[in-house]
Amino acid sequence: MKVEGSQEDGGPTGTDSGDGSITDCGSIVSSANGELCGTSGPAPSANGGENCGSVSRLLSAVERQLQAGREKGDPTERRLTVTLEDAELWRKFQQITNEMIVTKSGRRMFPVLKVSVAGLDPSAMYSFLLDFIPTAACRWKYVNGEWVAAGKAEGRSQGGVYIHPDSPNFGAHWMKAAVTFNKVKLTNKVNGGGQIMLNSLHKYEPQLHIVRVGSSHRMVCNTSFTETQFIAVTAYQNEEITALKIKYNPFAKAFLDAKDRGRIRGLVALLASFSTHPQQRGSHAAGQSQPDMWSQLAEWSHPLFLKKNPIG
């Protein structure tokens with residue numbers, strides 16, 4: 001099966017292993033724009049045998065952790081591959097056009113972008129960066145159950161670049177386990193405090209950059225995966241997307257609209273009040289007429305409403 005990841009600068013692509021999309025970055029080397037700063041710290045001081053023993057135990061633990069990464073290493077970077085984790089889940093969303101919420105305060109992505117990397121130099125230092133590139137020069141709108149083009153796109157927003165918090169780090173560190181971008185937040189607010197600013201109703205594709213840092217900074221890989229494309233929205237448009245988010249996201253209750261949550265809490269409080277004070281059933285509550293109150297209660301109690309808006 002053809003790889004669904006894409007590689008900039010005409011780089012080679014690899015093959016799909018069956019459990020995820022793989023991009024073979026090969027020996028791509030180009031100068032990175034901008035400067036990335038590494039980190040340095042003071043050398044540990046040896047104040048007696050106790051401190052030396054603590055340092056030795058710490059170094060031994062780090063060594064064990066990095067060994068798994070070293071086994072996937074390639075000092076030449078010629079066998080560098082990037083594999084999309086949870087590719088099948090991403091494809092479920094792709095089939096019906098994925099949507100991601102953008103808010104002023106920032107909303108995290110689901111599915112979460114995770115990649116596995118092999119073929120880095122285990123002893124070299126790298127930074128992992130993520131940005132979001134528009135996939136079309138148009139806006140989109142949801143009409144009659146499908147997304148259609150709806151005019152010219154807005155100017156590309158200065159969304160910024162997300163730097164993985166583990167950056168910079170050894171190649172062995174990046175290769176020992178999947179690299180997860182679970183702290184990325186999407187916003188529609190300019191200067192969103194380090195968050196990624198996107199235009200609503202525009203389609204984007206996350207793009208991963210791997211930069212080797214040190215005496216000479218250079219880009220070793222640019223890659224992206226078509227499965228991860230999505231349209232930025234302020235509220236979900238397709239009910240099927242909402243259903244998938246609720247089904248697979250462990251924090252699904254967060255997707256319930258705040259207004260509906262308030263109405264459901266009101267229903268629970270109302271029912272509790274009636275069970276405690278039955279005489280209130282004949283009175284007017286909170287300025288509502290009795291017929292209006294009971295018609296709203298009937299609506300809230302309808303099985304279809306409760307199925308769509310589970311209590312809790």
# chains A, B, ... in the order shown; residues from 1 in each chain; ligands from 1
>>> residues_around(residues="stretch 111-121 of chain A", least_positions_apart="4", cutoff="6 Å", atoms="only C-alpha atoms", output="list in words")
Lys72, Gly73, Asp74, Pro75, Glu77, Arg79, Leu80, Thr81, Val82, Thr83, Leu84, Glu85, Gly171, Met175, Ala178, Val179, Thr180, Phe181 and Asn182 of chain A
>>> residues_around(residues="A:Thr234", least_positions_apart="3", cutoff="7 Å", atoms="only C-alpha atoms", output="PDB file with N, CA and C atoms, in the first residue's frame")
ATOM      1  N   ILE A 101     -11.439  21.572  17.179  1.00  0.00           N
ATOM      2  CA  ILE A 101     -11.966  22.789  17.793  1.00  0.00           C
ATOM      3  C   ILE A 101     -10.840  23.792  18.042  1.00  0.00           C
ATOM      4  N   VAL A 102     -11.105  25.054  17.719  1.00  0.00           N
ATOM      5  CA  VAL A 102     -10.214  26.151  18.098  1.00  0.00           C
ATOM      6  C   VAL A 102     -10.999  27.099  19.003  1.00  0.00           C
ATOM      7  N   THR A 103     -10.386  27.527  20.094  1.00  0.00           N
ATOM      8  CA  THR A 103     -11.027  28.440  21.033  1.00  0.00           C
ATOM      9  C   THR A 103     -10.050  29.543  21.412  1.00  0.00           C
ATOM     10  N   SER A 200     -10.490  29.662  11.522  1.00  0.00           N
ATOM     11  CA  SER A 200     -11.635  28.767  11.516  1.00  0.00           C
ATOM     12  C   SER A 200     -12.123  28.535  10.092  1.00  0.00           C
TER      13      SER A 200
END
>>> residues_around(residues="A:Lys92", least_positions_apart="4", cutoff="10 Å", atoms="only C-alpha atoms", output="ChimeraX atom specification")
/A:87-88,96-98,227,241,244
>>> write_last_selection(atoms="N, CA, C and O atoms", output="CSV table (one decimal), in the first residue's frame")
chain,number,residue,atom,x,y,z
A,87,ALA,N,-2.5,5.2,13.3
A,87,ALA,CA,-2.9,5.6,11.9
A,87,ALA,C,-4.3,5.2,11.6
A,87,ALA,O,-5.1,5.9,10.9
A,88,GLU,N,-4.8,4.0,12.0
A,88,GLU,CA,-6.1,3.6,11.7
A,88,GLU,C,-7.2,4.5,12.3
A,88,GLU,O,-8.2,4.7,11.7
A,96,ILE,N,-14.4,10.9,7.0
A,96,ILE,CA,-15.6,11.8,7.1
A,96,ILE,C,-15.2,13.3,7.3
A,96,ILE,O,-16.0,14.1,7.7
A,97,THR,N,-13.9,13.6,7.0
A,97,THR,CA,-13.3,14.9,7.1
A,97,THR,C,-13.2,15.3,8.6
A,97,THR,O,-14.2,15.7,9.2
A,98,ASN,N,-12.0,15.2,9.1
A,98,ASN,CA,-11.8,15.5,10.6
A,98,ASN,C,-12.0,17.0,10.9
A,98,ASN,O,-11.8,17.8,10.0
A,227,GLU,N,-3.4,11.6,6.6
A,227,GLU,CA,-4.5,11.2,7.5
A,227,GLU,C,-4.8,12.2,8.6
A,227,GLU,O,-5.8,12.2,9.2
A,241,ILE,N,-18.6,13.2,13.4
A,241,ILE,CA,-17.3,13.5,14.1
A,241,ILE,C,-17.5,13.6,15.6
A,241,ILE,O,-16.7,13.1,16.3
A,244,LEU,N,-17.6,10.1,16.9
A,244,LEU,CA,-16.3,9.5,17.0
A,244,LEU,C,-15.4,10.0,18.1
A,244,LEU,O,-14.7,9.3,18.8
>>> closest_residue(among="A:Tyr126, A:Met197, A:Ala172, A:Ala153", to="A:Arg70", atoms="only C-alpha atoms")
A:Ala172
>>> atom_distance(atom1="atom CA of A:Thr76", atom2="atom CA of A:Ser224")
22.1 Å
>>> closest_residue(among="A:Lys203, A:Arg212, A:Arg108, A:Arg139", to="A:Pro168", atoms="only C-alpha atoms")
A:Arg212
>>> select_by_dssp(residues="stretch 85-260 of chain A", states="alpha helix (DSSP H)", output="list in words")
Ala87, Glu88, Leu89, Trp90, Arg91, Lys92, Phe93, Gln94, Gly171, Ala172, His173, Trp174, Met175, Glu239, Glu240, Ile241, Thr242, Ala243, Leu244, Lys245, Ile246, Lys247, Tyr248, Ala258, Lys259 and Asp260 of chain A
>>> residues_around(residues="A:Tyr162", least_positions_apart="3", cutoff="7 Å", atoms="only C-alpha atoms", output="PyMOL selection string")
chain A and resi 129-131
>>> atom_distance(atom1="atom CA of A:Thr187", atom2="atom CA of A:Lys104")
5.4 Å
>>> atom_distance(atom1="atom CA of A:Gln94", atom2="atom CA of A:Leu186")
18.6 Å
>>> closest_residue(among="A:Gln207, A:Gln237, A:Asn222, A:Ser56", to="A:Gly145", atoms="only C-alpha atoms")
A:Gln237
>>> residues_around(residues="A:Gly160", least_positions_apart="6", cutoff="10 Å", atoms="only C-alpha atoms", output="JSON, numbers by chain")
{"A": [130, 131, 132, 191, 192, 194, 195, 196, 197, 198]}
>>> select_by_dssp(residues="stretch 83-262 of chain A", states="strand (DSSP E or B)", output="PyMOL selection string")
chain A and resi 83-84+99-101+103+107-108+114-118+125-134+138-143+146-152+162-163+169-170+179-180+185-187+196-197+203-213+218-225+230-233
